[in-house]
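coords-v1.txt (compact mmCIF, C-alpha atoms and all ligand atoms)
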```txt
# COMPACT_ATOMS: atom_id res chain seq x y z
CA MET A 1 18.64 -38.13 -5.89
CA THR A 2 17.66 -34.54 -6.71
CA GLY A 3 14.28 -35.22 -5.12
CA GLU A 4 16.06 -34.91 -1.75
CA LEU A 5 17.13 -31.33 -2.51
CA SER A 6 14.93 -28.46 -1.40
CA PRO A 7 13.52 -26.19 -4.15
CA ILE A 8 16.00 -23.50 -3.09
CA ASP A 9 18.95 -25.89 -3.46
CA LYS A 10 17.64 -27.00 -6.85
CA ALA A 11 17.43 -23.32 -7.85
CA LYS A 12 21.02 -22.72 -6.73
CA PHE A 13 22.17 -25.86 -8.51
CA VAL A 14 20.61 -25.01 -11.90
CA ALA A 15 21.99 -21.46 -11.77
CA ALA A 16 25.45 -22.90 -11.04
CA LYS A 17 25.15 -25.52 -13.74
CA ARG A 18 24.19 -22.93 -16.35
CA ALA A 19 27.02 -20.62 -15.33
CA ALA A 20 29.53 -23.50 -15.49
CA GLU A 21 28.88 -23.51 -19.25
CA PHE A 22 30.55 -20.07 -19.46
CA VAL A 23 33.89 -21.63 -18.47
CA GLU A 24 36.07 -22.71 -21.38
CA ASP A 25 39.29 -24.68 -21.72
CA GLY A 26 42.38 -22.71 -20.72
CA MET A 27 40.51 -20.03 -18.77
CA ARG A 28 41.56 -18.56 -15.44
CA VAL A 29 38.43 -18.60 -13.31
CA GLY A 30 37.57 -16.86 -10.04
CA LEU A 31 35.65 -19.26 -7.80
CA GLY A 32 33.22 -17.67 -5.36
CA THR A 33 32.26 -18.66 -1.85
CA GLY A 34 28.97 -19.84 -0.34
CA SER A 35 26.42 -22.58 -0.95
CA THR A 36 25.60 -21.52 -4.54
CA ALA A 37 29.27 -21.14 -5.43
CA ALA A 38 29.89 -24.60 -3.94
CA TRP A 39 27.47 -26.02 -6.52
CA LEU A 40 29.43 -24.25 -9.22
CA VAL A 41 32.69 -25.76 -8.00
CA ARG A 42 31.10 -29.22 -8.00
CA CYS A 43 29.74 -28.71 -11.54
CA LEU A 44 33.13 -27.55 -12.76
CA GLY A 45 34.85 -30.46 -11.03
CA GLU A 46 32.55 -32.79 -12.93
CA LYS A 47 33.55 -31.14 -16.20
CA VAL A 48 37.22 -31.69 -15.33
CA ARG A 49 36.70 -35.34 -14.44
CA GLU A 50 34.10 -36.35 -17.05
CA GLU A 51 34.96 -34.12 -20.01
CA GLY A 52 38.69 -33.61 -19.44
CA MET A 53 38.22 -29.84 -19.34
CA ARG A 54 41.31 -27.93 -18.24
CA PHE A 55 41.20 -24.55 -16.53
CA ARG A 56 42.76 -22.96 -13.47
CA GLY A 57 40.71 -21.70 -10.56
CA VAL A 58 41.39 -18.88 -8.12
CA PRO A 59 39.32 -19.53 -4.97
CA THR A 60 37.97 -16.67 -2.85
CA SER A 61 38.28 -18.50 0.49
CA THR A 62 40.02 -21.44 2.14
CA ARG A 63 36.64 -23.27 2.08
CA THR A 64 36.35 -22.93 -1.68
CA ALA A 65 40.02 -23.83 -2.18
CA GLU A 66 39.52 -27.08 -0.25
CA LEU A 67 36.40 -28.02 -2.22
CA ALA A 68 38.00 -27.11 -5.55
CA ARG A 69 41.02 -29.34 -4.88
CA GLU A 70 38.73 -32.11 -3.67
CA VAL A 71 36.76 -32.15 -6.94
CA GLY A 72 39.88 -32.07 -9.12
CA ILE A 73 40.20 -28.39 -10.10
CA GLU A 74 43.73 -26.98 -10.48
CA VAL A 75 44.00 -24.20 -7.91
CA ILE A 76 46.32 -21.20 -8.32
CA THR A 77 46.62 -17.89 -6.48
CA LEU A 78 45.46 -14.57 -7.92
CA ASP A 79 49.08 -13.47 -8.02
CA GLU A 80 49.94 -16.48 -10.18
CA ALA A 81 46.94 -15.86 -12.44
CA ARG A 82 47.49 -12.06 -12.46
CA TRP A 83 44.19 -11.54 -14.31
CA LEU A 84 41.08 -13.68 -14.70
CA ASP A 85 38.81 -14.40 -17.66
CA ILE A 86 35.72 -14.80 -15.52
CA THR A 87 34.60 -14.91 -11.88
CA ILE A 88 31.44 -16.73 -10.88
CA ASP A 89 30.09 -16.14 -7.38
CA GLY A 90 26.91 -16.05 -5.33
CA ALA A 91 25.33 -12.96 -3.75
CA ASP A 92 23.13 -12.11 -0.81
CA GLU A 93 21.13 -9.53 -2.77
CA PHE A 94 21.14 -8.08 -6.28
CA ASP A 95 19.12 -5.20 -7.74
CA ALA A 96 17.96 -4.32 -11.27
CA GLU A 97 21.35 -2.71 -12.07
CA LEU A 98 23.16 -5.83 -10.82
CA ASN A 99 24.58 -4.01 -7.82
CA LEU A 100 25.12 -6.52 -5.04
CA ILE A 101 25.39 -7.12 -1.34
CA LYS A 102 27.94 -9.83 -0.67
CA GLY A 103 29.78 -11.13 2.36
CA GLY A 104 27.11 -13.17 4.11
CA GLY A 105 29.65 -15.98 4.06
CA GLY A 106 32.41 -13.70 5.35
CA ALA A 107 34.56 -13.77 2.20
CA LEU A 108 33.76 -10.34 0.75
CA LEU A 109 37.33 -9.03 0.69
CA GLN A 110 38.84 -11.79 -1.42
CA GLU A 111 35.62 -11.95 -3.44
CA LYS A 112 35.81 -8.26 -4.35
CA ILE A 113 39.51 -8.39 -5.21
CA VAL A 114 39.01 -11.46 -7.40
CA ALA A 115 35.85 -10.13 -9.09
CA THR A 116 37.44 -6.79 -9.98
CA ALA A 117 40.52 -8.56 -11.36
CA SER A 118 38.32 -10.35 -13.91
CA ASP A 119 37.15 -9.57 -17.44
CA GLN A 120 33.64 -10.42 -16.30
CA MET A 121 31.78 -11.28 -13.13
CA VAL A 122 28.77 -13.58 -13.20
CA VAL A 123 26.48 -13.88 -10.19
CA ILE A 124 24.55 -17.09 -9.61
CA ALA A 125 21.52 -16.89 -7.37
CA ASP A 126 18.07 -18.17 -6.58
CA ALA A 127 15.22 -15.77 -7.36
CA ALA A 128 14.78 -14.78 -3.69
CA LYS A 129 18.03 -12.79 -3.88
CA GLU A 130 16.52 -10.19 -6.22
CA VAL A 131 15.42 -6.97 -4.48
CA GLY A 132 13.96 -3.61 -5.48
CA SER A 133 16.52 -1.79 -3.33
CA LEU A 134 19.49 -3.24 -1.50
CA GLY A 135 19.68 -3.31 2.28
CA ALA A 136 17.24 -5.81 3.79
CA PHE A 137 20.19 -8.19 4.07
CA PRO A 138 22.63 -6.78 6.68
CA LEU A 139 25.57 -5.16 4.88
CA PRO A 140 28.89 -6.79 5.89
CA VAL A 141 31.86 -4.49 6.45
CA GLU A 142 35.30 -6.01 7.07
CA VAL A 143 37.32 -4.18 9.75
CA ILE A 144 40.76 -4.84 11.19
CA PRO A 145 40.70 -6.16 14.79
CA PHE A 146 42.74 -3.22 16.16
CA GLY A 147 40.32 -0.63 17.50
CA TRP A 148 37.31 -2.20 15.82
CA THR A 149 34.95 -0.52 18.32
CA ALA A 150 36.31 2.88 17.23
CA SER A 151 35.72 1.93 13.59
CA GLN A 152 32.21 0.82 14.53
CA ALA A 153 31.48 4.17 16.23
CA LEU A 154 32.78 6.07 13.18
CA ILE A 155 30.64 3.96 10.85
CA GLU A 156 27.55 4.64 12.97
CA GLU A 157 28.37 8.36 12.90
CA ALA A 158 28.80 8.28 9.11
CA LEU A 159 25.46 6.50 8.71
CA VAL A 160 23.63 9.48 10.23
CA SER A 161 24.08 11.47 7.01
CA MET A 162 23.42 8.52 4.69
CA ASP A 163 20.14 7.65 2.98
CA VAL A 164 19.42 4.46 4.95
CA MET A 165 16.43 3.28 7.00
CA GLY A 166 18.23 1.59 9.91
CA ARG A 167 21.57 2.29 11.63
CA LYS A 168 22.18 -0.62 13.99
CA THR A 169 25.55 -2.35 13.61
CA THR A 170 26.60 -5.68 15.12
CA LEU A 171 29.87 -7.56 15.36
CA ARG A 172 29.56 -10.90 13.59
CA MET A 173 30.11 -13.77 16.01
CA ASP A 174 31.31 -17.32 15.62
CA GLY A 175 29.88 -18.97 18.73
CA ASP A 176 31.05 -16.86 21.66
CA LYS A 177 34.01 -15.32 19.77
CA ALA A 178 34.21 -12.61 17.14
CA TYR A 179 34.15 -14.08 13.62
CA VAL A 180 37.59 -14.00 11.98
CA THR A 181 37.91 -13.79 8.18
CA ASP A 182 40.54 -15.56 6.07
CA GLU A 183 42.52 -12.31 6.29
CA GLY A 184 42.37 -12.24 10.08
CA ASN A 185 39.81 -9.42 10.28
CA HIS A 186 36.37 -9.03 11.87
CA ILE A 187 33.02 -8.26 10.22
CA LEU A 188 30.49 -5.65 11.27
CA ASP A 189 26.99 -6.27 9.93
CA LEU A 190 25.07 -3.07 9.19
CA HIS A 191 21.30 -3.44 9.62
CA LEU A 192 20.17 -0.73 7.24
CA SER A 193 16.82 -2.13 5.97
CA ARG A 194 17.04 0.00 2.82
CA ILE A 195 20.02 1.66 1.14
CA GLY A 196 18.95 4.70 -0.89
CA ASN A 197 22.32 5.39 -2.51
CA PRO A 198 24.56 2.28 -2.50
CA ARG A 199 27.31 3.95 -4.54
CA GLU A 200 27.71 6.83 -2.07
CA LEU A 201 27.54 4.51 0.95
CA ALA A 202 30.25 2.22 -0.47
CA LEU A 203 32.61 5.18 -0.89
CA VAL A 204 31.87 6.65 2.55
CA LEU A 205 32.35 3.33 4.38
CA ASN A 206 35.75 2.72 2.80
CA GLN A 207 36.96 6.08 4.12
CA VAL A 208 36.53 5.05 7.75
CA PRO A 209 39.90 4.15 9.33
CA GLY A 210 40.00 0.44 10.11
CA VAL A 211 37.55 -0.49 7.35
CA VAL A 212 39.22 -2.80 4.87
CA GLU A 213 36.28 -3.27 2.48
CA ASN A 214 32.51 -3.33 2.37
CA GLY A 215 30.10 -5.82 0.82
CA LEU A 216 28.55 -3.45 -1.73
CA PHE A 217 29.60 -4.52 -5.22
CA ILE A 218 28.78 -1.56 -7.47
CA ASP A 219 29.24 -1.82 -11.27
CA ILE A 220 31.21 -5.04 -10.85
CA CYS A 221 28.69 -7.69 -11.90
CA ASP A 222 28.09 -8.17 -15.64
CA ARG A 223 25.59 -11.02 -15.69
CA VAL A 224 23.25 -12.73 -13.26
CA VAL A 225 22.03 -16.28 -13.68
CA ILE A 226 18.82 -16.74 -11.68
CA GLY A 227 17.76 -20.30 -10.90
CA TYR A 228 14.29 -21.63 -10.06
CA GLY A 229 13.30 -24.81 -8.23
CA ASP A 230 11.67 -26.29 -11.34
CA GLY A 231 14.90 -26.13 -13.37
CA ARG A 232 14.28 -22.86 -15.19
CA VAL A 233 17.14 -20.39 -15.43
CA GLU A 234 17.14 -16.77 -16.52
CA THR A 235 20.36 -15.09 -17.60
CA ARG A 236 20.44 -11.29 -17.60
CA ASP A 237 23.33 -9.45 -19.22
CA ILE A 238 23.47 -5.85 -18.00
CA ASN A 239 25.88 -4.70 -20.74
CA ALA A 240 24.08 -6.31 -23.68
CA GLY A 241 20.64 -5.63 -22.17
CA THR A 242 19.56 -9.20 -22.95
CA VAL A 243 17.49 -11.72 -20.99
CA GLU A 244 17.60 -15.44 -21.90
CA GLU A 245 15.48 -18.21 -20.43
CA GLU A 246 16.02 -21.94 -20.59
CA THR A 247 15.41 -25.09 -18.56
CA MET A 248 18.24 -27.18 -17.12
CA ASP A 249 18.22 -30.95 -16.73
CA PHE A 250 18.81 -32.41 -13.26
CA VAL A 251 19.15 -36.05 -14.32
CA GLU A 252 22.56 -36.13 -15.94
CA SER A 253 24.14 -34.58 -12.84
CA ASP A 254 22.87 -37.16 -10.36
CA ASN A 255 26.39 -38.16 -9.38
CA LEU A 256 26.95 -34.60 -8.13
CA PHE A 257 24.36 -35.10 -5.40
CA ARG A 258 25.74 -38.27 -3.89
CA ASP A 259 27.67 -36.51 -1.14
CA VAL A 260 25.11 -33.79 -0.43
C1 LIG B 1 30.12 -15.11 0.75
C2 LIG B 1 29.13 -14.52 -0.15
C3 LIG B 1 28.12 -15.44 -0.77
O1 LIG B 1 28.25 -15.39 -2.15
C4 LIG B 1 26.76 -15.00 -0.36
O2 LIG B 1 26.69 -14.99 1.05
C5 LIG B 1 25.67 -15.94 -0.91
O3 LIG B 1 25.80 -17.19 -0.29
P1 LIG B 1 24.84 -18.39 -0.65
O4 LIG B 1 25.14 -18.80 -2.05
O5 LIG B 1 25.20 -19.47 0.36
O6 LIG B 1 23.41 -17.93 -0.48
O7 LIG B 1 29.10 -13.35 -0.43
O8 LIG B 1 30.91 -14.13 1.35
```
Now, as a test, write the supplied structure out as structure tokens.
Amino acid sequence: MTGELSPIDKAKFVAAKRAAEFVEDGMRVGLGTGSTAAWLVRCLGEKVREEGMRFRGVPTSTRTAELAREVGIEVITLDEARWLDITIDGADEFDAELNLIKGGGGALLQEKIVATASDQMVVIADAAKEVGSLGAFPLPVEVIPFGWTASQALIEEALVSMDVMGRKTTLRMDGDKAYVTDEGNHILDLHLSRIGNPRELALVLNQVPGVVENGLFIDICDRVVIGYGDGRVETRDINAGTVEEETMDFVESDNLFRDV
């Protein structure tokens, strides 16, 4: 069954499977959004069904909430959980300090709230997500619909004094309409090519009226689990300064692939 998966999907799967091992009985767990996070949710659902594991999940989008319920995970809101033991999520880019660009899937706002309300955040990713400096992936910025063009103009003005290589901004579309997030907002994608100072940019963007949040996750991620198409996984812990490598088995999880 796994033979039908592309190497990139296999890489996402093994990263998710390894990270699922960090979840323990009784935990409150933030569940990310995106294709890698969907593998995590499936792996965790299997643990609930096959091993009788019990934990509560706080999804970061309606998509993830639907999948989590479907696979048997008990879903609660962040307000019910109040605080989380761990959040596991994908990323669009990560650098050597585990700073991230997130929001490619449009869920950055809930993702950032959930991740920062957690004892630890773990990112799961294929190796292609690692970059020397952030910014090749367009940086998503969530803006409220009211006056979004004014917010866009202010962002472009602010970018002039930032250490970035490109300054083009585009409104994310969903067909012929503006994309709408779970919170009813729009997303501006900032095509910056390279971000020299992500920390400064994150602060500046959030000062623009109409900006709700940006997709730069600075000092939020604690560990990254990097998957490879041949089953290898590398886990880097930024706080402990450790790197662990192991190889994951595809075979025992064949039932996870039936619906893919
Ligand atoms: C959603 C996200 C995702 O985590 C990010 O886009 C990575 O997605 P994928 O795992 O599909 O590559 O930030 O808002």
Restrict the calculation to only C-alpha atoms and all ligand atoms, then for each residue of chain A with any atom at most 6 Å from an atom of ligand LIG 1 (chain B) give the closest atom pair and their distance in Å to one decimal, rows by chain and rising residue number, as a tab-separated table.
```
residue	atom	partner	partner_atom	distance
A:Thr33	CA	B:LIG1	C1	4.9
A:Gly34	CA	B:LIG1	O5	3.9
A:Ser35	CA	B:LIG1	O5	3.6
A:Thr36	CA	B:LIG1	O4	3.7
A:Ala37	CA	B:LIG1	O4	5.8
A:Asp89	CA	B:LIG1	O1	5.6
A:Gly90	CA	B:LIG1	O1	3.5
A:Ala91	CA	B:LIG1	O1	4.1
A:Asp92	CA	B:LIG1	C5	4.6
A:Lys102	CA	B:LIG1	O7	3.7
A:Gly103	CA	B:LIG1	O8	3.4
A:Gly104	CA	B:LIG1	O2	3.6
A:Gly105	CA	B:LIG1	C1	3.5
A:Gly106	CA	B:LIG1	O8	4.3
A:Ala107	CA	B:LIG1	O8	3.8
A:Leu108	CA	B:LIG1	O8	4.8
```
request  = Within 10 Å of Thr60 of chain A, counting only C-alpha atoms, which residues show up once you throw out same-chain ones fewer than 3 positions away? Write them as a PyMOL selection string, please.
outcome  = chain A and resi 30-34+57+63-65+77-78+87+89+107-115+182
ask   = By how many Å are atom CA of Glu80 of chain A and atom CA of Ala117 of chain A apart?
value = 12.4 Å
Quick one: what's the axis-aligned box for segment 35-44 of chain A, all listed atoms, 3 Å on every side, centre and edges in Å to one decimal, as lines of an AutoDock Vina configuration file?
```
center_x = 29.4
center_y = -25.2
center_z = -6.9
size_x = 13.5
size_y = 14.1
size_z = 17.8
```
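Taking all atoms listed in the file into account, Ile8 of chain A lies nearest to A:Gly231 out of the set A:Gly184, A:Gly241, A:Gly215, A:Gly231.
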query = Leaving out Asp219 of chain A and any residue of its chain fewer than 3 positions from it, which residues lie within 9 Å of it when counting only C-alpha atoms, given as a PyMOL selection string?
reply = chain A and resi 97-100+222
Put those residues in a file: C-alpha atoms, as a PDB file, in the coordinates of the input.
```
ATOM      1  CA  GLU A  97      21.350  -2.710 -12.070  1.00  0.00           C
ATOM      2  CA  LEU A  98      23.160  -5.830 -10.820  1.00  0.00           C
ATOM      3  CA  ASN A  99      24.580  -4.010  -7.820  1.00  0.00           C
ATOM      4  CA  LEU A 100      25.120  -6.520  -5.040  1.00  0.00           C
ATOM      5  CA  ASP A 222      28.090  -8.170 -15.640  1.00  0.00           C
TER       6      ASP A 222
END
```
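The environment of Ala125 of chain A within 8 Å, counting all atoms listed in the file and disregarding residues fewer than 6 places along the same chain, consists of A:Ala11, A:Lys12, A:Ala15, A:Thr36, A:Gly90, A:Ala91, A:Val224, A:Val225, A:Ile226, A:Gly227.
A straight line drawn from atom CA of Tyr228 of chain A to atom CA of Ile88 of chain A is 17.9 Å long.
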message = Counting only C-alpha atoms, which residue out of A:Leu67, A:Val211, A:Met121, A:Ala38 sits closest to Ile86 of chain A?
response = A:Met121
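Remark: for Ala136 of chain A, the closest of the candidate residues A:Val75, A:Leu84, A:Leu188, A:Ile195 is A:Ile195 (distances computed over all atoms listed in the file).
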key: Among listed residues A:Arg56, A:Leu201, A:Glu244, A:Val122, nearest Met162 of chain A (using all atoms listed in the file)   = A:Leu201
key: Spatial sel., origin (30.4, 5.0, 4.1), limit 10 Å, all atoms listed in the file, listed as number ranges by chain   = A: 141, 154-159, 161-162, 198-208, 211, 214
request  = Go ahead and compute the interatomic distance for atom CA of Arg82 of chain A and atom CA of Gln120 of chain A, in Å to one decimal.
outcome  = 14.5 Å
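Across A:Thr62, A:Glu70, A:Phe13, A:Phe137, the tightest approach to Thr181 of chain A is made by A:Thr62 when counting all atoms listed in the file.
Between Arg69 of chain A and the candidates A:Glu51, A:Ala81, A:Gly45, A:Lys10, the tightest atom-to-atom separation, counting all atoms listed in the file, involves A:Gly45.
Residues in contact with Gly196 of chain A at 10 Å, where all atoms listed in the file are counted and same-chain residues fewer than 6 positions away are skipped, are listed as Ser133, Leu134, Gly135, Met162, Asp163, Val164 and Met165 of chain A.
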query = Which residues come within 10 Å of Arg42 of chain A, counting all atoms listed in the file, excluding same-chain residues fewer than 4 positions away, as a PyMOL selection string?
reply = chain A and resi 13+16-17+20+37-38+46-48+67-68+70-73+256-257
Within 7 Å of (38.7, -6.9, 6.9) in the file's own coordinates, which protein, DNA or RNA residues have an atom, counting only C-alpha atoms? List them as a PDB file with C-alpha atoms, keeping the file's coordinate frame.
```
ATOM      1  CA  LEU A 109      37.330  -9.030   0.690  1.00  0.00           C
ATOM      2  CA  GLU A 142      35.300  -6.010   7.070  1.00  0.00           C
ATOM      3  CA  VAL A 143      37.320  -4.180   9.750  1.00  0.00           C
ATOM      4  CA  ILE A 144      40.760  -4.840  11.190  1.00  0.00           C
ATOM      5  CA  GLU A 183      42.520 -12.310   6.290  1.00  0.00           C
ATOM      6  CA  ASN A 185      39.810  -9.420  10.280  1.00  0.00           C
ATOM      7  CA  HIS A 186      36.370  -9.030  11.870  1.00  0.00           C
ATOM      8  CA  ILE A 187      33.020  -8.260  10.220  1.00  0.00           C
ATOM      9  CA  VAL A 211      37.550  -0.490   7.350  1.00  0.00           C
ATOM     10  CA  VAL A 212      39.220  -2.800   4.870  1.00  0.00           C
ATOM     11  CA  GLU A 213      36.280  -3.270   2.480  1.00  0.00           C
TER      12      GLU A 213
END
```
Residue completion, segment 168-178 of chain A, all heavy atoms, as a tab-separated table (two decimals), keeping the file's coordinate frame:
```
chain	number	residue	atom	x	y	z
A	168	LYS	N	21.59	0.26	12.99
A	168	LYS	CA	22.18	-0.62	13.99
A	168	LYS	C	23.34	-1.39	13.35
A	168	LYS	O	23.26	-1.83	12.19
A	168	LYS	CB	21.08	-1.61	14.44
A	168	LYS	CG	21.50	-2.43	15.63
A	168	LYS	CD	20.35	-3.35	16.05
A	168	LYS	CE	20.89	-4.47	16.88
A	168	LYS	NZ	20.10	-5.68	16.83
A	169	THR	N	24.42	-1.56	14.09
A	169	THR	CA	25.55	-2.35	13.61
A	169	THR	C	25.90	-3.40	14.66
A	169	THR	O	25.83	-3.14	15.86
A	169	THR	CB	26.80	-1.48	13.34
A	169	THR	OG1	27.29	-0.97	14.59
A	169	THR	CG2	26.49	-0.32	12.41
A	170	THR	N	26.25	-4.61	14.18
A	170	THR	CA	26.60	-5.68	15.12
A	170	THR	C	27.90	-6.36	14.68
A	170	THR	O	28.19	-6.47	13.48
A	170	THR	CB	25.49	-6.75	15.19
A	170	THR	OG1	25.15	-7.15	13.85
A	170	THR	CG2	24.23	-6.21	15.86
A	171	LEU	N	28.65	-6.80	15.65
A	171	LEU	CA	29.87	-7.56	15.36
A	171	LEU	C	29.46	-8.99	15.05
A	171	LEU	O	28.72	-9.60	15.82
A	171	LEU	CB	30.80	-7.54	16.59
A	171	LEU	CG	32.11	-8.31	16.44
A	171	LEU	CD1	33.04	-7.64	15.44
A	171	LEU	CD2	32.79	-8.45	17.81
A	172	ARG	N	29.92	-9.51	13.91
A	172	ARG	CA	29.56	-10.90	13.59
A	172	ARG	C	30.29	-11.86	14.54
A	172	ARG	O	31.48	-11.67	14.83
A	172	ARG	CB	29.92	-11.23	12.14
A	172	ARG	CG	29.32	-12.57	11.72
A	172	ARG	CD	29.55	-12.89	10.29
A	172	ARG	NE	28.93	-11.92	9.39
A	172	ARG	CZ	28.98	-12.04	8.06
A	172	ARG	NH1	29.60	-13.07	7.52
A	172	ARG	NH2	28.41	-11.14	7.29
A	173	MET	N	29.55	-12.82	15.03
A	173	MET	CA	30.11	-13.77	16.01
A	173	MET	C	30.24	-15.15	15.40
A	173	MET	O	29.55	-15.52	14.46
A	173	MET	CB	29.20	-13.84	17.25
A	173	MET	CG	28.98	-12.51	17.95
A	173	MET	SD	30.50	-11.77	18.56
A	173	MET	CE	30.86	-12.85	19.95
A	174	ASP	N	31.15	-15.92	15.97
A	174	ASP	CA	31.31	-17.32	15.62
A	174	ASP	C	31.26	-18.05	16.97
A	174	ASP	O	32.28	-18.14	17.65
A	174	ASP	CB	32.67	-17.51	14.91
A	174	ASP	CG	32.89	-18.95	14.50
A	174	ASP	OD1	31.97	-19.77	14.63
A	174	ASP	OD2	34.03	-19.26	14.07
A	175	GLY	N	30.07	-18.46	17.37
A	175	GLY	CA	29.88	-18.97	18.73
A	175	GLY	C	30.02	-17.82	19.71
A	175	GLY	O	29.38	-16.78	19.54
A	176	ASP	N	30.90	-17.95	20.69
A	176	ASP	CA	31.05	-16.86	21.66
A	176	ASP	C	32.26	-15.97	21.37
A	176	ASP	O	32.67	-15.15	22.18
A	176	ASP	CB	31.11	-17.41	23.10
A	176	ASP	CG	32.22	-18.43	23.27
A	176	ASP	OD1	32.93	-18.70	22.27
A	176	ASP	OD2	32.39	-18.95	24.39
A	177	LYS	N	32.86	-16.17	20.15
A	177	LYS	CA	34.01	-15.32	19.77
A	177	LYS	C	33.67	-14.51	18.53
A	177	LYS	O	32.79	-14.91	17.75
A	177	LYS	CB	35.21	-16.22	19.43
A	177	LYS	CG	35.77	-17.00	20.61
A	177	LYS	CD	37.18	-17.46	20.28
A	177	LYS	CE	37.77	-18.21	21.46
A	177	LYS	NZ	37.82	-19.66	21.27
A	178	ALA	N	34.41	-13.41	18.35
A	178	ALA	CA	34.21	-12.61	17.14
A	178	ALA	C	34.62	-13.45	15.93
A	178	ALA	O	35.64	-14.15	15.97
A	178	ALA	CB	35.06	-11.35	17.21
```
